[in-house]
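Colleague: Below is one structure. I have some questions about it.
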Amino acid sequence: SSLSSSRLTIAIQKSGRLSRESIDLLKACGFKFSLHESRLLAHSTSHPVDLLRVRDDDIPGLVMDGVVDLGLVGENVLEEARLERLATDFPAVFTKLRNLDFGQCRLSIAVPKEASYDTLQSLEGKRIATTYPHLLQRYLKNAGVKNVSTAMLTGSVEVAPRAGLADAICDLVSTGATLEANGLVEKDVIFRSQAQLIQRPGELSSEKQALLDQLLPRLDGVQLARE
Ligand code: ATP
Ligand code: ZN
């Protein structure tokens, strides 16, 4: 298959908040691609590089398992996947190559407007709905808040309190409009995130390493020019 070939394989989000900027960044670095909406793989027409277009949640595992060479993914998804793997004895190793200048967001705890909440300790004994149980539990543990349970939801997290599934939520916030619409108030930012470029463990072939050595200075140049 083309994934085991000498072509440098880069996993990016297929469709979502990171897709456009991931492709634009690679193009700005001089790599040309022709994208077909439905295809998983996109071959570069200018370099021996392939894009693998998948759900963002799959990117950390593909990199840590060495299935792809590089990945562009949000630190929120990356760190949650790393913590989950550490807890389940799967390989959790990768190299962080660069912070990327897009995908900025924050992961926050929010509670219903009418809930009584003074400090983080108010959450003791409560249940929090989230897609990021490991990031949340690490934060609560470091803050000395005990006895918080989680309800794992991969979507519609913001409706969980109203549906009686949880007392609070821990979710990504950008403008706060979604929280407001659901009668929730943001209380604590537990993680700030942006997109990252990461590399799989193990040595790259000399051809792939040469490509990466071309890519990184270009990427630095592109990001510097944008500042
Ligand atoms: P997928 O179908 O790939 O699983 P998704 O629905 O999980 O997509 P998106 O909503 O597209 O994911 O968000 C992808 C990533 O973009 C988030 O995990 C986060 O890193 C980042 N992100 C979240 N909110 C914003 C925002 N408002 N602006 C920029 N980036 C964001
Ligand atoms: Zn996702």
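We name chains A, B, ... following the order of the structure tokens; residues begin at 1 in each chain, and ligands are numbered from 1 as shown.
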Assign secondary structure with DSSP using the backbone only, and return the residues of range 140-225 of chain A in strand (DSSP E or B) as number ranges by chain.

Modeller: A: 149-152, 168-173, 184-193, 195-199

Colleague: Using only C-alpha atoms and all ligand atoms, I'd like a table of the residues in chain A that come within 6 Å of ligand 2; for each, show the closest atom pair and its distance in Å rounded to one decimal, ordered by chain and ascending number, as JSON lines.

Modeller:
```
{"residue": "A:Arg55", "atom": "CA", "partner": "ligand 2", "partner_atom_place_in_ligand_line": "1 (Zn)", "distance": 5.6}
{"residue": "A:Asp56", "atom": "CA", "partner": "ligand 2", "partner_atom_place_in_ligand_line": "1 (Zn)", "distance": 4.8}
{"residue": "A:Asp57", "atom": "CA", "partner": "ligand 2", "partner_atom_place_in_ligand_line": "1 (Zn)", "distance": 4.7}
```

Colleague: May I have the residues from that selection written out with C-alpha atoms, as a PDB file, in the first residue's frame?

Modeller:
```
ATOM      1  CA  ARG A  55     -11.333  12.473  11.849  1.00  0.00           C
ATOM      2  CA  ASP A  56      -9.162  14.568  14.138  1.00  0.00           C
ATOM      3  CA  ASP A  57      -9.646  12.029  16.954  1.00  0.00           C
TER       4      ASP A  57
END
```

Colleague: Within 9 Å of ligand 1, which residues of chain A come that close, and what is the closest atom pair and distance in Å for each? Count only C-alpha atoms and all ligand atoms and give it as a Markdown table.

Modeller:
```
| residue | atom | partner | partner_atom_place_in_ligand_line | distance |
| --- | --- | --- | --- | --- |
| A:Ile12 | CA | ligand 1 | 3 (O) | 8.9 |
| A:Gln13 | CA | ligand 1 | 3 (O) | 5.4 |
| A:Lys14 | CA | ligand 1 | 3 (O) | 6.3 |
| A:Ser15 | CA | ligand 1 | 3 (O) | 5.9 |
| A:Gly16 | CA | ligand 1 | 11 (O) | 3.3 |
| A:Arg17 | CA | ligand 1 | 11 (O) | 3.8 |
| A:Leu18 | CA | ligand 1 | 16 (O) | 5.3 |
| A:Ser19 | CA | ligand 1 | 11 (O) | 7.7 |
| A:Val54 | CA | ligand 1 | 3 (O) | 6.6 |
| A:Arg55 | CA | ligand 1 | 3 (O) | 3.4 |
| A:Asp56 | CA | ligand 1 | 3 (O) | 4.0 |
| A:Asp57 | CA | ligand 1 | 4 (O) | 5.5 |
| A:Asp58 | CA | ligand 1 | 4 (O) | 8.0 |
| A:Val73 | CA | ligand 1 | 20 (O) | 6.7 |
| A:Gly74 | CA | ligand 1 | 20 (O) | 3.7 |
| A:Glu75 | CA | ligand 1 | 20 (O) | 6.3 |
| A:Asn76 | CA | ligand 1 | 20 (O) | 5.7 |
| A:Val77 | CA | ligand 1 | 18 (O) | 5.6 |
| A:Leu78 | CA | ligand 1 | 20 (O) | 8.7 |
| A:Phe102 | CA | ligand 1 | 29 (C) | 6.6 |
| A:Gly103 | CA | ligand 1 | 30 (N) | 3.4 |
| A:Gln104 | CA | ligand 1 | 29 (C) | 4.9 |
| A:Cys105 | CA | ligand 1 | 25 (C) | 5.0 |
| A:Arg106 | CA | ligand 1 | 24 (N) | 7.6 |
| A:Leu107 | CA | ligand 1 | 23 (C) | 8.9 |
| A:Thr154 | CA | ligand 1 | 7 (O) | 8.1 |
| A:Gly155 | CA | ligand 1 | 6 (O) | 8.1 |
| A:Leu172 | CA | ligand 1 | 24 (N) | 6.1 |
| A:Val173 | CA | ligand 1 | 24 (N) | 6.6 |
| A:Ser174 | CA | ligand 1 | 27 (N) | 4.3 |
| A:Thr175 | CA | ligand 1 | 27 (N) | 7.2 |
| A:Ser193 | CA | ligand 1 | 20 (O) | 6.4 |
| A:Gln194 | CA | ligand 1 | 20 (O) | 6.1 |
| A:Ala195 | CA | ligand 1 | 20 (O) | 6.2 |
```

Colleague: Next, the residues of the selection above should be written as a compact mmCIF listing (two decimals), in the first residue's frame with C-alpha atoms.

Modeller:
```txt
# COMPACT_ATOMS: atom_id res chain seq x y z
CA ILE A 12 -4.85 15.94 8.70
CA GLN A 13 -8.49 16.48 9.68
CA LYS A 14 -10.75 15.62 6.77
CA SER A 15 -13.50 18.09 7.45
CA GLY A 16 -13.75 20.46 10.37
CA ARG A 17 -12.17 23.44 12.03
CA LEU A 18 -8.56 22.42 11.31
CA SER A 19 -8.94 21.23 7.71
CA VAL A 54 -9.36 11.42 8.75
CA ARG A 55 -11.33 12.47 11.85
CA ASP A 56 -9.16 14.57 14.14
CA ASP A 57 -9.65 12.03 16.95
CA ASP A 58 -7.86 9.37 14.89
CA VAL A 73 -3.93 18.00 15.37
CA GLY A 74 -5.24 20.07 18.26
CA GLU A 75 -3.32 19.76 21.51
CA ASN A 76 -6.62 19.07 23.32
CA VAL A 77 -7.24 15.92 21.27
CA LEU A 78 -3.56 14.97 21.36
CA PHE A 102 -4.27 28.11 14.25
CA GLY A 103 -6.90 26.03 16.07
CA GLN A 104 -6.80 28.14 19.22
CA CYS A 105 -9.50 27.20 21.70
CA ARG A 106 -10.04 26.57 25.41
CA LEU A 107 -11.48 23.66 27.36
CA THR A 154 -18.62 12.73 22.15
CA GLY A 155 -21.32 15.20 21.10
CA LEU A 172 -14.44 23.46 24.16
CA VAL A 173 -15.49 27.10 24.21
CA SER A 174 -14.86 29.67 21.53
CA THR A 175 -17.36 32.54 21.69
CA SER A 193 -5.01 24.54 23.01
CA GLN A 194 -3.76 25.19 19.51
CA ALA A 195 -2.86 22.95 16.59
```

Colleague: Using DSSP on the backbone, list every residue of range 63-213 of chain A that comes out as helix (DSSP H, G or I), and give them as a PyMOL selection string.

Modeller: chain A and resi 63-64+75-88+120-123+133-142+157-159+177-181+206-213

Colleague: List the neighbours of Val63 in chain A out to 12 Å using only C-alpha atoms; skip same-chain residues closer than 5 positions along the sequence, and give me the result as JSON, numbers by chain.

Modeller: {"A": [9, 10, 11, 12, 52, 56, 57, 58, 68, 69, 70, 71, 72, 73, 78, 81, 82, 91, 92, 93, 94, 95, 96, 197, 198, 199, 200, 201, 202]}

Colleague: Could you please take those selected residues and save N, CA and C atoms as a PDB file, in the first residue's frame?

Modeller:
```
ATOM      1  N   THR A   9       3.936  10.516   4.789  1.00  0.00           N
ATOM      2  CA  THR A   9       2.486  10.539   4.978  1.00  0.00           C
ATOM      3  C   THR A   9       2.111  11.458   6.138  1.00  0.00           C
ATOM      4  N   ILE A  10       1.196  12.390   5.848  1.00  0.00           N
ATOM      5  CA  ILE A  10       0.791  13.397   6.834  1.00  0.00           C
ATOM      6  C   ILE A  10      -0.708  13.276   7.078  1.00  0.00           C
ATOM      7  N   ALA A  11      -1.097  13.020   8.325  1.00  0.00           N
ATOM      8  CA  ALA A  11      -2.522  12.932   8.659  1.00  0.00           C
ATOM      9  C   ALA A  11      -3.054  14.317   9.010  1.00  0.00           C
ATOM     10  N   ILE A  12      -4.174  14.679   8.378  1.00  0.00           N
ATOM     11  CA  ILE A  12      -4.846  15.944   8.701  1.00  0.00           C
ATOM     12  C   ILE A  12      -6.338  15.679   8.886  1.00  0.00           C
ATOM     13  N   LEU A  52      -3.272  11.965   4.495  1.00  0.00           N
ATOM     14  CA  LEU A  52      -4.310  11.034   4.917  1.00  0.00           C
ATOM     15  C   LEU A  52      -5.357  11.859   5.651  1.00  0.00           C
ATOM     16  N   ASP A  56     -10.285  14.075  13.322  1.00  0.00           N
ATOM     17  CA  ASP A  56      -9.162  14.568  14.138  1.00  0.00           C
ATOM     18  C   ASP A  56      -8.829  13.618  15.292  1.00  0.00           C
ATOM     19  N   ASP A  57      -9.844  12.948  15.820  1.00  0.00           N
ATOM     20  CA  ASP A  57      -9.646  12.029  16.954  1.00  0.00           C
ATOM     21  C   ASP A  57      -8.753  10.839  16.609  1.00  0.00           C
ATOM     22  N   ASP A  58      -8.663  10.524  15.317  1.00  0.00           N
ATOM     23  CA  ASP A  58      -7.857   9.373  14.893  1.00  0.00           C
ATOM     24  C   ASP A  58      -6.380   9.733  14.705  1.00  0.00           C
ATOM     25  N   VAL A  68       1.300   6.703  10.290  1.00  0.00           N
ATOM     26  CA  VAL A  68       1.650   7.856   9.462  1.00  0.00           C
ATOM     27  C   VAL A  68       2.910   8.493  10.042  1.00  0.00           C
ATOM     28  N   ASP A  69       3.557   9.332   9.243  1.00  0.00           N
ATOM     29  CA  ASP A  69       4.810   9.946   9.684  1.00  0.00           C
ATOM     30  C   ASP A  69       4.582  11.209  10.508  1.00  0.00           C
ATOM     31  N   LEU A  70       3.638  12.022  10.047  1.00  0.00           N
ATOM     32  CA  LEU A  70       3.362  13.305  10.694  1.00  0.00           C
ATOM     33  C   LEU A  70       1.865  13.468  10.883  1.00  0.00           C
ATOM     34  N   GLY A  71       1.484  14.340  11.805  1.00  0.00           N
ATOM     35  CA  GLY A  71       0.075  14.653  11.992  1.00  0.00           C
ATOM     36  C   GLY A  71      -0.081  16.098  12.400  1.00  0.00           C
ATOM     37  N   LEU A  72      -1.194  16.713  11.976  1.00  0.00           N
ATOM     38  CA  LEU A  72      -1.562  18.053  12.416  1.00  0.00           C
ATOM     39  C   LEU A  72      -2.839  17.899  13.218  1.00  0.00           C
ATOM     40  N   VAL A  73      -2.780  18.257  14.501  1.00  0.00           N
ATOM     41  CA  VAL A  73      -3.935  18.001  15.370  1.00  0.00           C
ATOM     42  C   VAL A  73      -3.945  18.957  16.547  1.00  0.00           C
ATOM     43  N   LEU A  78      -4.835  15.674  21.217  1.00  0.00           N
ATOM     44  CA  LEU A  78      -3.560  14.971  21.361  1.00  0.00           C
ATOM     45  C   LEU A  78      -3.288  14.573  22.812  1.00  0.00           C
ATOM     46  N   ALA A  81      -5.689  11.901  24.113  1.00  0.00           N
ATOM     47  CA  ALA A  81      -5.342  10.578  23.566  1.00  0.00           C
ATOM     48  C   ALA A  81      -4.097  10.022  24.254  1.00  0.00           C
ATOM     49  N   ARG A  82      -3.120  10.891  24.531  1.00  0.00           N
ATOM     50  CA  ARG A  82      -1.891  10.436  25.191  1.00  0.00           C
ATOM     51  C   ARG A  82      -2.201   9.917  26.599  1.00  0.00           C
ATOM     52  N   PRO A  91       1.221   2.245  23.216  1.00  0.00           N
ATOM     53  CA  PRO A  91       2.328   3.175  23.041  1.00  0.00           C
ATOM     54  C   PRO A  91       1.820   4.619  22.969  1.00  0.00           C
ATOM     55  N   ALA A  92       2.465   5.503  23.700  1.00  0.00           N
ATOM     56  CA  ALA A  92       1.996   6.891  23.809  1.00  0.00           C
ATOM     57  C   ALA A  92       3.117   7.866  23.486  1.00  0.00           C
ATOM     58  N   VAL A  93       3.995   7.483  22.559  1.00  0.00           N
ATOM     59  CA  VAL A  93       5.182   8.292  22.280  1.00  0.00           C
ATOM     60  C   VAL A  93       5.074   8.962  20.909  1.00  0.00           C
ATOM     61  N   PHE A  94       5.472  10.225  20.870  1.00  0.00           N
ATOM     62  CA  PHE A  94       5.537  10.980  19.617  1.00  0.00           C
ATOM     63  C   PHE A  94       6.475  12.141  19.859  1.00  0.00           C
ATOM     64  N   THR A  95       6.853  12.845  18.804  1.00  0.00           N
ATOM     65  CA  THR A  95       7.683  14.043  18.944  1.00  0.00           C
ATOM     66  C   THR A  95       6.879  15.257  18.518  1.00  0.00           C
ATOM     67  N   LYS A  96       6.842  16.250  19.390  1.00  0.00           N
ATOM     68  CA  LYS A  96       6.176  17.495  19.038  1.00  0.00           C
ATOM     69  C   LYS A  96       7.163  18.320  18.233  1.00  0.00           C
ATOM     70  N   LEU A 197       2.091  20.250  15.148  1.00  0.00           N
ATOM     71  CA  LEU A 197       2.655  19.309  14.179  1.00  0.00           C
ATOM     72  C   LEU A 197       3.443  18.261  14.960  1.00  0.00           C
ATOM     73  N   ILE A 198       3.078  17.003  14.801  1.00  0.00           N
ATOM     74  CA  ILE A 198       3.757  15.937  15.547  1.00  0.00           C
ATOM     75  C   ILE A 198       4.305  14.878  14.602  1.00  0.00           C
ATOM     76  N   GLN A 199       5.314  14.154  15.091  1.00  0.00           N
ATOM     77  CA  GLN A 199       6.004  13.121  14.300  1.00  0.00           C
ATOM     78  C   GLN A 199       5.933  11.796  15.026  1.00  0.00           C
ATOM     79  N   ARG A 200       5.840  10.730  14.280  1.00  0.00           N
ATOM     80  CA  ARG A 200       5.781   9.383  14.862  1.00  0.00           C
ATOM     81  C   ARG A 200       7.119   9.022  15.511  1.00  0.00           C
ATOM     82  N   PRO A 201       7.103   8.036  16.429  1.00  0.00           N
ATOM     83  CA  PRO A 201       8.367   7.571  16.995  1.00  0.00           C
ATOM     84  C   PRO A 201       9.165   6.809  15.945  1.00  0.00           C
ATOM     85  N   GLY A 202      10.445   6.690  16.147  1.00  0.00           N
ATOM     86  CA  GLY A 202      11.302   5.937  15.220  1.00  0.00           C
ATOM     87  C   GLY A 202      11.919   6.827  14.176  1.00  0.00           C
TER      88      GLY A 202
END
```

Colleague: Have a look at A:Lys187, A:Glu79, A:Gly61, A:His134 and name the one nearest to Asp118 in chain A; count only C-alpha atoms.

Modeller: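 For Asp118 in chain A, the nearest of the given residues is A:Lys187.
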
Colleague: When distances are computed from only C-alpha atoms, which of A:Pro217, A:Glu207, A:Glu227, A:Tyr132 shows the smallest separation from Ile190 in chain A?

Modeller: A:Tyr132

Colleague: With only C-alpha atoms as the counted atoms, please give the residues lying no more than 7 Å from range 123-126 of chain A, apart from itself and same-chain residues fewer than 2 positions off, as number ranges by chain.

Modeller: A: 120-121, 128, 145-149, 167

Colleague: Quick one: residues within 9 Å of Val159 in chain A, only C-alpha atoms counted, chain neighbours fewer than 5 positions away excluded, as a ChimeraX atom specification?

Modeller: /A:164-165,169,182

Colleague: Just give me the gap between CA of Glu84 in chain A and CA of Leu100 in chain A in Å, one decimal is fine.

Modeller: 23.4 Å

Colleague: May I have the residues within 8 Å of Glu186 in chain A as a PyMOL selection string, using only C-alpha atoms and disregarding those fewer than 3 positions away in the same chain?

Modeller: chain A and resi 108-111+176+179+189

Colleague: State, in Å with one decimal place, the distance from CA of Gly66 in chain A to CA of Ala28 in chain A.

Modeller: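 For CA of Gly66 in chain A relative to CA of Ala28 in chain A, the distance reads 25.8 Å.
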
Colleague: Ranking A:Val49, A:Ala151, A:Leu219, A:Val157 by minimum distance to Leu25 in chain A and counting only C-alpha atoms, which one comes first?

Modeller: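 The closest residue to Leu25 in chain A is A:Leu219.
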
Colleague: Name all residues at most 10 Å from Leu8 in chain A (count only C-alpha atoms; drop same-chain ones fewer than 5 positions away) and give them as a short mmCIF file (atom, residue, chain, number, x, y, z; two decimals) with N, CA and C atoms, in the first residue's frame.

Modeller:
```cif
data_model
loop_
_atom_site.label_atom_id
_atom_site.label_comp_id
_atom_site.auth_asym_id
_atom_site.auth_seq_id
_atom_site.Cartn_x
_atom_site.Cartn_y
_atom_site.Cartn_z
N SER A 2 0.29 2.38 -0.36
CA SER A 2 1.09 3.59 -0.45
C SER A 2 1.58 4.07 0.91
N LEU A 3 0.93 3.59 2.00
CA LEU A 3 1.36 4.04 3.32
C LEU A 3 2.71 3.46 3.72
N SER A 44 0.49 14.39 -3.23
CA SER A 44 1.07 15.66 -3.68
C SER A 44 1.51 15.49 -5.12
N HIS A 47 5.70 16.74 -4.65
CA HIS A 47 6.67 16.07 -3.78
C HIS A 47 6.16 14.66 -3.45
N PRO A 48 7.05 13.75 -3.02
CA PRO A 48 6.59 12.42 -2.59
C PRO A 48 5.95 12.49 -1.20
N VAL A 49 4.78 13.14 -1.16
CA VAL A 49 4.05 13.34 0.08
C VAL A 49 2.60 12.95 -0.13
N ASP A 50 2.01 12.25 0.84
CA ASP A 50 0.59 11.93 0.80
C ASP A 50 -0.10 12.50 2.02
N LEU A 51 -1.31 13.01 1.81
CA LEU A 51 -2.15 13.42 2.94
C LEU A 51 -3.14 12.32 3.23
N VAL A 68 1.30 6.70 10.29
CA VAL A 68 1.65 7.86 9.46
C VAL A 68 2.91 8.49 10.04
N ASP A 69 3.56 9.33 9.24
CA ASP A 69 4.81 9.95 9.68
C ASP A 69 4.58 11.21 10.51
N LEU A 70 3.64 12.02 10.05
CA LEU A 70 3.36 13.31 10.69
C LEU A 70 1.87 13.47 10.88
N LEU A 204 12.97 8.25 10.54
CA LEU A 204 12.41 8.31 9.19
C LEU A 204 13.50 7.84 8.21
N SER A 205 13.07 7.32 7.08
CA SER A 205 14.05 7.00 6.03
C SER A 205 14.76 8.29 5.63
N GLU A 207 15.09 9.65 2.77
CA GLU A 207 14.29 10.46 1.85
C GLU A 207 13.24 11.27 2.61
N LYS A 208 12.55 10.58 3.53
CA LYS A 208 11.51 11.28 4.29
C LYS A 208 12.11 12.35 5.19
N GLN A 209 13.25 12.04 5.80
CA GLN A 209 13.90 13.02 6.67
C GLN A 209 14.31 14.25 5.86
N LEU A 211 12.81 15.39 3.23
CA LEU A 211 11.58 16.17 2.99
C LEU A 211 11.18 16.99 4.21
N LEU A 212 11.27 16.34 5.38
CA LEU A 212 10.92 17.03 6.62
C LEU A 212 11.88 18.20 6.86
#
```

Colleague: With only C-alpha atoms as the basis for distance, which of A:Arg162, A:Arg218, A:Arg98, A:Arg127 is at the shortest distance from Gln196 in chain A?

Modeller: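 Distance minimum relative to Gln196 in chain A lands on A:Arg98.
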